[in-house]
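This report concerns only the one structure given below.
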Amino acid sequence: MADGISIFWVAAAVIGAVYLIKWRTSPLHSIPTVGGSSIPFLSFFASLNFTLNSKKYLQEGYTKYHGSVFKVPMLNEWMLVVSGPKMIDELRRRPDDELSFLDSVADSMQIRYTLGPDTEDDPYHVDVIKEKLTRSVPVILPEVIDELTLAVPQHIPAKTDGWLEVPVMTAMQQIIARASNRVFVGVPVCRDQEYLDLSIAFTIDIVKDGTLVRLFPKFLRPWVGVVTSSVQKTLHKAIPHLKPEIDARREMMEKYGDDWTDKPNDLLQWIMDIARTKNFTDEAIARRILIVCFAAIHTSSNTVTHAIYHLAEHPEVQEPLRKEIETILKEEGWTKSAMAKMWKLDSFLRESQRYNGIGLTSLGRKAMKDVTLHDGTFIPRGVNVVAAADPMHHDGSVYADADVFDPFRFSRLREQDGEGTKHQFVNTSLDYISFGHGKHACPGRFFAANELKSLLAFIVLNYDLKLGGDGQRPRNIYWALNVIPAPKGKVLFRRREVSVV
């Protein structure tokens, strides 16, 4: 018995020594740590601490190591964080064979194990978004607006004679899902409530499944993905809702080839046009549709929820916005050119995104080989790197009164000579990286911006908003690198009599 105990302690000591040696000789050891200890075993508790207090620790690292690199403990890895314009510019300029955006996304989402390798190995849906969706915005925007006029009153059924309390996140998810799917899959599928619920569930499942799979060693991930995947179950439930439309279009393609009268101009058709030479199964097509739904619903519903909370928190902003919207709509109608002229509305959304962010970090990259940055920092192959977005967006040396929500901050800047386009909602720069920056900046932001501006314009025109209770804006949740608008936050709406339609 005593010999057994002795062997156990010897083995423990050897293992501990191995880990300590590995820690001391790791290339990451020399990079400053924020959020807790980097010592083996203790770093696990540091990762829990960082997960719960990430905003605070990213700010601490940004302040201490601005213009350089620090590391933070994630639950499954050490993440390197860069800050300052020189570092951000280097991150976005490095070629993909050194610092890869797509491999960083793959590491984050773990889609290969939860949804299958097809979308990761051949992400042609990204090119569809960059080319077809972006170019088609002027043509498809009227359909989005048409759907909004039906969906918004359904999910915000307020009357003119009283205030109605609305759970904002839930309502915005439903509205964004419906409006987006109008140009993704068309009518009647975009009004199929069960399909919409599944597309929203898919966005939740894909994040949840990816988070779980990342906690396991790589050799176990294929098994964990198969056994635990909720996203596959959701995908298979959604296929019957899409199948009749897929079958109808497949029949027309077989009969007429590449073109026919009234050929749909939407995401489903663009994907099917490409998929016919690749994987043309119902599941493969549905998988691409739901992946794009994830990107649209997740980011856009969060973004507009933040904006609604700010609108209700600052009711004095509603009238200036309303005046701008009414004036432009009378001249232009509900068009893309009208949205482009709404500088105050554009500024409101950009400021909301600056103030809150899509995430606490941006410009995710994975080192595909050993890389040495211009300041001498050595990044080993396989390590993930991000840029500190939230601390920079709240840096007083970058933005005046950075911790104050200033709704017309960017519209004022645009009024200066030569600044008319620089500060638009969709524009990225070294000091505004919510959408990323450079060639891998979010490809769907042009569609999303027009959809969000149309939705917000419709809401501002048709409703008064205010906060109930103590009048405090519902507080964001910060979990690891995620920024989540209060999921259960509510806002009071009252319908207005409107002269512009």
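Convention: chains lettered A, B, ... in structure tokens order; per-chain residue numbering from 1; ligands numbered from 1 as shown.
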Write out as a ChimeraX atom specification all residues of range 89-159 of chain A that DSSP puts in alpha helix (DSSP H) for this structure's backbone. /A:89-93,101-109,111-114,118-121,124-128,134-135,137-155
Please provide as a tab-separated table (two decimals) with all heavy atoms, in the first residue's frame all residues within 6 Å of Thr361 in chain A, with the sequence filter that same-chain residues fewer than 2 positions apart are discarded (counting only C-alpha atoms).
chain	number	residue	atom	x	y	z
A	359	GLY	N	-18.43	41.94	-30.92
A	359	GLY	CA	-17.67	41.14	-29.96
A	359	GLY	C	-16.65	42.05	-29.29
A	359	GLY	O	-16.45	43.20	-29.70
A	387	ALA	N	-7.54	41.14	-32.35
A	387	ALA	CA	-7.29	42.54	-32.03
A	387	ALA	C	-8.28	42.99	-30.98
A	387	ALA	O	-9.47	42.60	-30.99
A	387	ALA	CB	-7.42	43.40	-33.28
A	388	ALA	N	-7.83	43.83	-30.05
A	388	ALA	CA	-8.67	44.33	-28.96
A	388	ALA	C	-9.60	45.42	-29.48
A	388	ALA	O	-9.21	46.59	-29.58
A	388	ALA	CB	-7.79	44.85	-27.82
A	389	ALA	N	-10.82	45.05	-29.83
A	389	ALA	CA	-11.77	46.01	-30.42
A	389	ALA	C	-12.42	46.89	-29.36
A	389	ALA	O	-12.40	48.12	-29.47
A	389	ALA	CB	-12.84	45.25	-31.21
Report the closest atom pair, with its distance in Å rounded to one decimal, for each residue of range 222-315 of chain A that has an atom no farther than 12 Å from range 110-128 of chain A; count only C-alpha atoms, sort by chain and then rising residue number, and write it as CSV.
residue,atom,partner,partner_atom,distance
A:Pro222,CA,A:Tyr113,CA,5.1
A:Trp223,CA,A:Tyr113,CA,8.0
A:Val224,CA,A:Tyr113,CA,7.8
A:Gly225,CA,A:Thr114,CA,4.7
A:Val226,CA,A:Thr114,CA,6.6
A:Val227,CA,A:Thr114,CA,9.2
A:Thr228,CA,A:Thr114,CA,8.2
A:Ser229,CA,A:Thr114,CA,5.5
A:Ser230,CA,A:Thr114,CA,8.1
A:Val231,CA,A:Thr114,CA,6.8
A:Gln232,CA,A:Leu115,CA,6.0
A:Lys233,CA,A:Leu115,CA,9.8
A:Thr234,CA,A:Leu115,CA,10.4
A:Leu235,CA,A:Leu115,CA,8.8
A:His236,CA,A:Leu115,CA,11.0
A:Asp266,CA,A:Val128,CA,10.4
A:Leu267,CA,A:Val128,CA,7.9
A:Leu268,CA,A:Val128,CA,10.3
A:Gln269,CA,A:Val128,CA,10.5
A:Trp270,CA,A:Val128,CA,7.0
A:Ile271,CA,A:His125,CA,7.0
A:Met272,CA,A:His125,CA,10.5
A:Asp273,CA,A:Val128,CA,10.5
A:Ile274,CA,A:Tyr124,CA,8.2
A:Ala275,CA,A:Tyr124,CA,9.2
A:Lys278,CA,A:Asp122,CA,9.7
A:Asn279,CA,A:Asp118,CA,8.9
A:Phe280,CA,A:Asp118,CA,12.0
A:Glu283,CA,A:Leu115,CA,10.7
A:Ala284,CA,A:Asp118,CA,8.1
A:Ile285,CA,A:His125,CA,10.1
A:Ala286,CA,A:Thr119,CA,11.3
A:Arg287,CA,A:Thr119,CA,8.0
A:Arg288,CA,A:His125,CA,6.6
A:Ile289,CA,A:His125,CA,8.5
A:Leu290,CA,A:His125,CA,10.7
A:Ile291,CA,A:Thr119,CA,8.6
A:Val292,CA,A:His125,CA,7.6
A:Cys293,CA,A:His125,CA,11.3
A:Ala295,CA,A:Val126,CA,10.6
Which of range 107-313 of chain A end up as strand (DSSP E) when DSSP is run on this backbone - answer as a PDB file with N, CA, C and O atoms, in the first residue's frame?
ATOM      1  N   LEU A 164     -47.093  49.304 -24.895  1.00  0.00           N
ATOM      2  CA  LEU A 164     -46.994  47.846 -24.877  1.00  0.00           C
ATOM      3  C   LEU A 164     -45.554  47.452 -24.575  1.00  0.00           C
ATOM      4  O   LEU A 164     -44.615  47.919 -25.232  1.00  0.00           O
ATOM      5  N   GLU A 165     -45.363  46.575 -23.592  1.00  0.00           N
ATOM      6  CA  GLU A 165     -44.023  46.092 -23.246  1.00  0.00           C
ATOM      7  C   GLU A 165     -43.649  44.936 -24.166  1.00  0.00           C
ATOM      8  O   GLU A 165     -44.395  43.959 -24.287  1.00  0.00           O
ATOM      9  N   VAL A 166     -42.493  45.060 -24.816  1.00  0.00           N
ATOM     10  CA  VAL A 166     -42.069  44.067 -25.807  1.00  0.00           C
ATOM     11  C   VAL A 166     -40.694  43.515 -25.427  1.00  0.00           C
ATOM     12  O   VAL A 166     -39.767  44.293 -25.158  1.00  0.00           O
ATOM     13  N   PRO A 167     -40.532  42.179 -25.396  1.00  0.00           N
ATOM     14  CA  PRO A 167     -39.196  41.585 -25.207  1.00  0.00           C
ATOM     15  C   PRO A 167     -38.382  41.795 -26.486  1.00  0.00           C
ATOM     16  O   PRO A 167     -38.648  41.170 -27.507  1.00  0.00           O
TER      17      PRO A 167
END
Find the residues near Leu492 in chain A: any atom within 10 Å, counting only C-alpha atoms, skip ones fewer than 3 places away on the same chain, and give them as a PDB file with C-alpha atoms, in the first residue's frame.
ATOM      1  CA  ILE A 156     -44.629  44.774 -31.997  1.00  0.00           C
ATOM      2  CA  ALA A 158     -48.649  48.199 -30.034  1.00  0.00           C
ATOM      3  CA  GLY A 162     -51.309  52.921 -24.791  1.00  0.00           C
ATOM      4  CA  TRP A 163     -47.867  51.489 -24.182  1.00  0.00           C
ATOM      5  CA  LEU A 164     -46.994  47.846 -24.877  1.00  0.00           C
ATOM      6  CA  GLU A 165     -44.023  46.092 -23.246  1.00  0.00           C
ATOM      7  CA  VAL A 166     -42.069  44.067 -25.807  1.00  0.00           C
ATOM      8  CA  PRO A 167     -39.196  41.585 -25.207  1.00  0.00           C
ATOM      9  CA  VAL A 168     -36.755  43.177 -27.634  1.00  0.00           C
ATOM     10  CA  ALA A 312     -35.531  53.890 -25.627  1.00  0.00           C
ATOM     11  CA  TYR A 463     -43.532  53.932 -32.796  1.00  0.00           C
ATOM     12  CA  ASP A 464     -42.606  55.969 -29.754  1.00  0.00           C
ATOM     13  CA  LEU A 465     -40.216  54.105 -27.454  1.00  0.00           C
ATOM     14  CA  LYS A 466     -39.249  54.402 -23.815  1.00  0.00           C
ATOM     15  CA  LEU A 467     -37.799  52.338 -20.994  1.00  0.00           C
ATOM     16  CA  GLY A 468     -40.008  51.157 -18.177  1.00  0.00           C
TER      17      GLY A 468
END
Which of A:Lys490, A:Arg496, A:Arg249, A:Arg365 sits closest to Phe458 in chain A [using only C-alpha atoms]: A:Arg496
Write out as a list in words each polymer residue whose atoms come within 12 Å of Pro244 in chain A, counting only C-alpha atoms; drop sequence neighbours fewer than 3 positions from it.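 Residues near the query, excluding close chain neighbours: Val185, Pro188, Val189, Ala238, Ile239, Pro240, His241, Asp247, Ala248, Arg249, Arg250, Glu251, Asp282 and Ala286 of chain A.
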Correct to one decimal, the distance CA of Asp96 in chain A-CA of Asp375 in chain A is 19.9 Å
Distance query Phe348 in chain A at most 7 Å, only C-alpha atoms, self and fewer than 4 positions along chain excluded, as a ChimeraX atom specification: /A:344,352,407-408
Take the residues from that selection and put them in a file with N, CA and C atoms, as a PDB file, in the first residue's frame.
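Final output, saved to result-v2.pdb:
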ATOM      1  N   LYS A 344     -27.922  60.655 -40.090  1.00  0.00           N
ATOM      2  CA  LYS A 344     -28.118  60.569 -38.638  1.00  0.00           C
ATOM      3  C   LYS A 344     -28.467  59.142 -38.227  1.00  0.00           C
ATOM      4  N   SER A 352     -23.819  52.987 -31.961  1.00  0.00           N
ATOM      5  CA  SER A 352     -24.281  51.873 -31.131  1.00  0.00           C
ATOM      6  C   SER A 352     -23.325  50.693 -31.244  1.00  0.00           C
ATOM      7  N   PRO A 407     -25.082  59.753 -30.195  1.00  0.00           N
ATOM      8  CA  PRO A 407     -25.748  59.175 -31.373  1.00  0.00           C
ATOM      9  C   PRO A 407     -25.356  59.802 -32.703  1.00  0.00           C
ATOM     10  N   PHE A 408     -25.026  61.098 -32.714  1.00  0.00           N
ATOM     11  CA  PHE A 408     -24.722  61.766 -33.979  1.00  0.00           C
ATOM     12  C   PHE A 408     -23.229  62.102 -34.106  1.00  0.00           C
TER      13      PHE A 408
END
Near range 327-335 of chain A, within 12 Å and counting only C-alpha atoms, which residues show up once chain neighbours fewer than 4 positions away are dropped, as a PyMOL selection string? chain A and resi 137-146+148-149+320-323+339-345+450-451+453-455+457-458+461+499-501
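Minimum atom-to-atom distances from A:Val460, A:Asp258, A:Leu413, A:Ser362 to Glu316 in chain A were compared using only C-alpha atoms, and the lowest value belongs to A:Val460.
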Using only C-alpha atoms, find the one residue out of A:His374, A:Ser429, A:Thr305, A:Asp259 that sits nearest to Val69 in chain A.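 Of A:His374, A:Ser429, A:Thr305, A:Asp259, the one nearest Val69 in chain A is A:His374, counting only C-alpha atoms.
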Neighbour list for range 52-64 of chain A as a PDB file with N, CA and C atoms, in the first residue's frame, cut-off 10 Å, only C-alpha atoms, skip fewer than 2 positions in-chain:
ATOM      1  N   PRO A  32       3.368  38.740 -22.066  1.00  0.00           N
ATOM      2  CA  PRO A  32       2.660  39.068 -20.815  1.00  0.00           C
ATOM      3  C   PRO A  32       1.277  38.429 -20.740  1.00  0.00           C
ATOM      4  N   THR A  33       0.908  38.012 -19.542  1.00  0.00           N
ATOM      5  CA  THR A  33      -0.388  37.379 -19.299  1.00  0.00           C
ATOM      6  C   THR A  33      -1.311  38.349 -18.576  1.00  0.00           C
ATOM      7  N   VAL A  34      -2.570  38.383 -19.003  1.00  0.00           N
ATOM      8  CA  VAL A  34      -3.588  39.190 -18.330  1.00  0.00           C
ATOM      9  C   VAL A  34      -4.754  38.277 -17.976  1.00  0.00           C
ATOM     10  N   GLY A  35      -5.299  38.436 -16.777  1.00  0.00           N
ATOM     11  CA  GLY A  35      -6.471  37.659 -16.385  1.00  0.00           C
ATOM     12  C   GLY A  35      -6.200  36.549 -15.413  1.00  0.00           C
ATOM     13  N   GLY A  36      -4.936  36.389 -14.969  1.00  0.00           N
ATOM     14  CA  GLY A  36      -4.620  35.336 -14.014  1.00  0.00           C
ATOM     15  C   GLY A  36      -3.261  34.740 -14.304  1.00  0.00           C
ATOM     16  N   SER A  47      -8.667  30.935 -16.640  1.00  0.00           N
ATOM     17  CA  SER A  47      -9.558  30.952 -17.807  1.00  0.00           C
ATOM     18  C   SER A  47     -11.017  31.141 -17.377  1.00  0.00           C
ATOM     19  N   LEU A  48     -11.401  30.540 -16.257  1.00  0.00           N
ATOM     20  CA  LEU A  48     -12.759  30.749 -15.747  1.00  0.00           C
ATOM     21  C   LEU A  48     -12.954  32.207 -15.347  1.00  0.00           C
ATOM     22  N   ASN A  49     -11.938  32.748 -14.701  1.00  0.00           N
ATOM     23  CA  ASN A  49     -11.986  34.145 -14.275  1.00  0.00           C
ATOM     24  C   ASN A  49     -12.098  35.076 -15.485  1.00  0.00           C
ATOM     25  N   PHE A  50     -11.300  34.791 -16.521  1.00  0.00           N
ATOM     26  CA  PHE A  50     -11.349  35.629 -17.712  1.00  0.00           C
ATOM     27  C   PHE A  50     -12.702  35.514 -18.414  1.00  0.00           C
ATOM     28  N   HIS A  66      -0.440  48.513 -24.618  1.00  0.00           N
ATOM     29  CA  HIS A  66      -0.917  49.130 -25.858  1.00  0.00           C
ATOM     30  C   HIS A  66       0.208  49.218 -26.890  1.00  0.00           C
ATOM     31  N   GLY A  67      -0.127  48.839 -28.122  1.00  0.00           N
ATOM     32  CA  GLY A  67       0.871  48.848 -29.180  1.00  0.00           C
ATOM     33  C   GLY A  67       1.705  47.594 -29.241  1.00  0.00           C
ATOM     34  N   SER A  68       1.368  46.615 -28.391  1.00  0.00           N
ATOM     35  CA  SER A  68       2.138  45.377 -28.345  1.00  0.00           C
ATOM     36  C   SER A  68       1.174  44.190 -28.276  1.00  0.00           C
ATOM     37  N   VAL A  69       1.606  43.119 -27.619  1.00  0.00           N
ATOM     38  CA  VAL A  69       0.847  41.866 -27.562  1.00  0.00           C
ATOM     39  C   VAL A  69       0.767  41.382 -26.121  1.00  0.00           C
ATOM     40  N   PHE A  70      -0.381  40.878 -25.720  1.00  0.00           N
ATOM     41  CA  PHE A  70      -0.511  40.161 -24.457  1.00  0.00           C
ATOM     42  C   PHE A  70      -1.351  38.918 -24.700  1.00  0.00           C
ATOM     43  N   LYS A  71      -1.373  38.030 -23.720  1.00  0.00           N
ATOM     44  CA  LYS A  71      -2.163  36.811 -23.886  1.00  0.00           C
ATOM     45  C   LYS A  71      -3.205  36.694 -22.786  1.00  0.00           C
ATOM     46  N   VAL A  72      -4.329  36.050 -23.144  1.00  0.00           N
ATOM     47  CA  VAL A  72      -5.409  35.821 -22.176  1.00  0.00           C
ATOM     48  C   VAL A  72      -5.766  34.341 -22.184  1.00  0.00           C
ATOM     49  N   PRO A  73      -6.191  33.822 -21.037  1.00  0.00           N
ATOM     50  CA  PRO A  73      -6.491  32.388 -20.943  1.00  0.00           C
ATOM     51  C   PRO A  73      -7.935  32.073 -21.335  1.00  0.00           C
ATOM     52  N   MET A  74      -8.120  31.410 -22.458  1.00  0.00           N
ATOM     53  CA  MET A  74      -9.428  30.877 -22.827  1.00  0.00           C
ATOM     54  C   MET A  74      -9.559  29.483 -22.213  1.00  0.00           C
ATOM     55  N   VAL A  81      -3.562  38.748 -27.991  1.00  0.00           N
ATOM     56  CA  VAL A  81      -4.332  39.952 -28.279  1.00  0.00           C
ATOM     57  C   VAL A  81      -3.379  41.079 -28.661  1.00  0.00           C
ATOM     58  N   VAL A  82      -3.620  41.687 -29.828  1.00  0.00           N
ATOM     59  CA  VAL A  82      -2.814  42.831 -30.249  1.00  0.00           C
ATOM     60  C   VAL A  82      -3.644  44.102 -30.112  1.00  0.00           C
ATOM     61  N   SER A  83      -2.967  45.233 -30.035  1.00  0.00           N
ATOM     62  CA  SER A  83      -3.660  46.515 -29.947  1.00  0.00           C
ATOM     63  C   SER A  83      -2.806  47.595 -30.603  1.00  0.00           C
ATOM     64  N   GLY A  84      -3.457  48.700 -30.921  1.00  0.00           N
ATOM     65  CA  GLY A  84      -2.751  49.804 -31.555  1.00  0.00           C
ATOM     66  C   GLY A  84      -2.792  49.686 -33.067  1.00  0.00           C
ATOM     67  N   LEU A 360     -15.979  41.537 -28.277  1.00  0.00           N
ATOM     68  CA  LEU A 360     -14.952  42.332 -27.588  1.00  0.00           C
ATOM     69  C   LEU A 360     -13.661  42.421 -28.395  1.00  0.00           C
ATOM     70  N   THR A 361     -13.483  41.471 -29.312  1.00  0.00           N
ATOM     71  CA  THR A 361     -12.297  41.460 -30.168  1.00  0.00           C
ATOM     72  C   THR A 361     -12.726  41.334 -31.618  1.00  0.00           C
ATOM     73  N   ALA A 387      -7.540  41.136 -32.348  1.00  0.00           N
ATOM     74  CA  ALA A 387      -7.289  42.543 -32.031  1.00  0.00           C
ATOM     75  C   ALA A 387      -8.284  42.993 -30.975  1.00  0.00           C
ATOM     76  N   ALA A 388      -7.825  43.833 -30.055  1.00  0.00           N
ATOM     77  CA  ALA A 388      -8.666  44.328 -28.957  1.00  0.00           C
ATOM     78  C   ALA A 388      -9.595  45.422 -29.483  1.00  0.00           C
ATOM     79  N   ALA A 389     -10.823  45.054 -29.827  1.00  0.00           N
ATOM     80  CA  ALA A 389     -11.767  46.005 -30.421  1.00  0.00           C
ATOM     81  C   ALA A 389     -12.421  46.894 -29.360  1.00  0.00           C
ATOM     82  N   ASP A 390     -12.999  46.286 -28.340  1.00  0.00           N
ATOM     83  CA  ASP A 390     -13.754  47.049 -27.340  1.00  0.00           C
ATOM     84  C   ASP A 390     -12.901  48.096 -26.630  1.00  0.00           C
ATOM     85  N   PRO A 391     -11.696  47.753 -26.155  1.00  0.00           N
ATOM     86  CA  PRO A 391     -10.889  48.792 -25.500  1.00  0.00           C
ATOM     87  C   PRO A 391     -10.538  49.947 -26.433  1.00  0.00           C
ATOM     88  N   MET A 392     -10.255  49.645 -27.712  1.00  0.00           N
ATOM     89  CA  MET A 392      -9.919  50.721 -28.637  1.00  0.00           C
ATOM     90  C   MET A 392     -11.134  51.610 -28.910  1.00  0.00           C
ATOM     91  N   HIS A 394     -13.323  52.356 -26.952  1.00  0.00           N
ATOM     92  CA  HIS A 394     -13.583  53.165 -25.752  1.00  0.00           C
ATOM     93  C   HIS A 394     -12.328  53.928 -25.310  1.00  0.00           C
ATOM     94  N   ASP A 395     -11.407  54.117 -26.246  1.00  0.00           N
ATOM     95  CA  ASP A 395     -10.160  54.824 -25.956  1.00  0.00           C
ATOM     96  C   ASP A 395     -10.373  56.320 -26.189  1.00  0.00           C
ATOM     97  N   ILE A 477     -24.389  41.513 -21.462  1.00  0.00           N
ATOM     98  CA  ILE A 477     -23.715  40.376 -20.845  1.00  0.00           C
ATOM     99  C   ILE A 477     -22.403  40.160 -21.597  1.00  0.00           C
ATOM    100  N   TYR A 478     -21.321  40.002 -20.863  1.00  0.00           N
ATOM    101  CA  TYR A 478     -20.016  39.734 -21.457  1.00  0.00           C
ATOM    102  C   TYR A 478     -19.583  38.339 -21.033  1.00  0.00           C
ATOM    103  N   TRP A 479     -19.426  37.461 -22.037  1.00  0.00           N
ATOM    104  CA  TRP A 479     -19.065  36.075 -21.767  1.00  0.00           C
ATOM    105  C   TRP A 479     -17.893  35.723 -22.683  1.00  0.00           C
ATOM    106  N   ALA A 480     -16.727  35.506 -22.090  1.00  0.00           N
ATOM    107  CA  ALA A 480     -15.509  35.302 -22.879  1.00  0.00           C
ATOM    108  C   ALA A 480     -15.352  36.498 -23.830  1.00  0.00           C
ATOM    109  N   LEU A 481     -15.306  36.261 -25.134  1.00  0.00           N
ATOM    110  CA  LEU A 481     -15.117  37.360 -26.078  1.00  0.00           C
ATOM    111  C   LEU A 481     -16.431  37.850 -26.674  1.00  0.00           C
ATOM    112  N   ASN A 482     -17.549  37.377 -26.133  1.00  0.00           N
ATOM    113  CA  ASN A 482     -18.871  37.697 -26.677  1.00  0.00           C
ATOM    114  C   ASN A 482     -19.507  38.884 -25.959  1.00  0.00           C
ATOM    115  N   VAL A 483     -20.245  39.684 -26.732  1.00  0.00           N
ATOM    116  CA  VAL A 483     -21.063  40.762 -26.189  1.00  0.00           C
ATOM    117  C   VAL A 483     -22.511  40.436 -26.527  1.00  0.00           C
TER     118      VAL A 483
END
CA of Ala441 in chain A to CA of Arg93 in chain A, distance in Å rounded to a single decimal: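 If I compute the distance from CA of Ala441 in chain A to CA of Arg93 in chain A, I get 12.1 Å.
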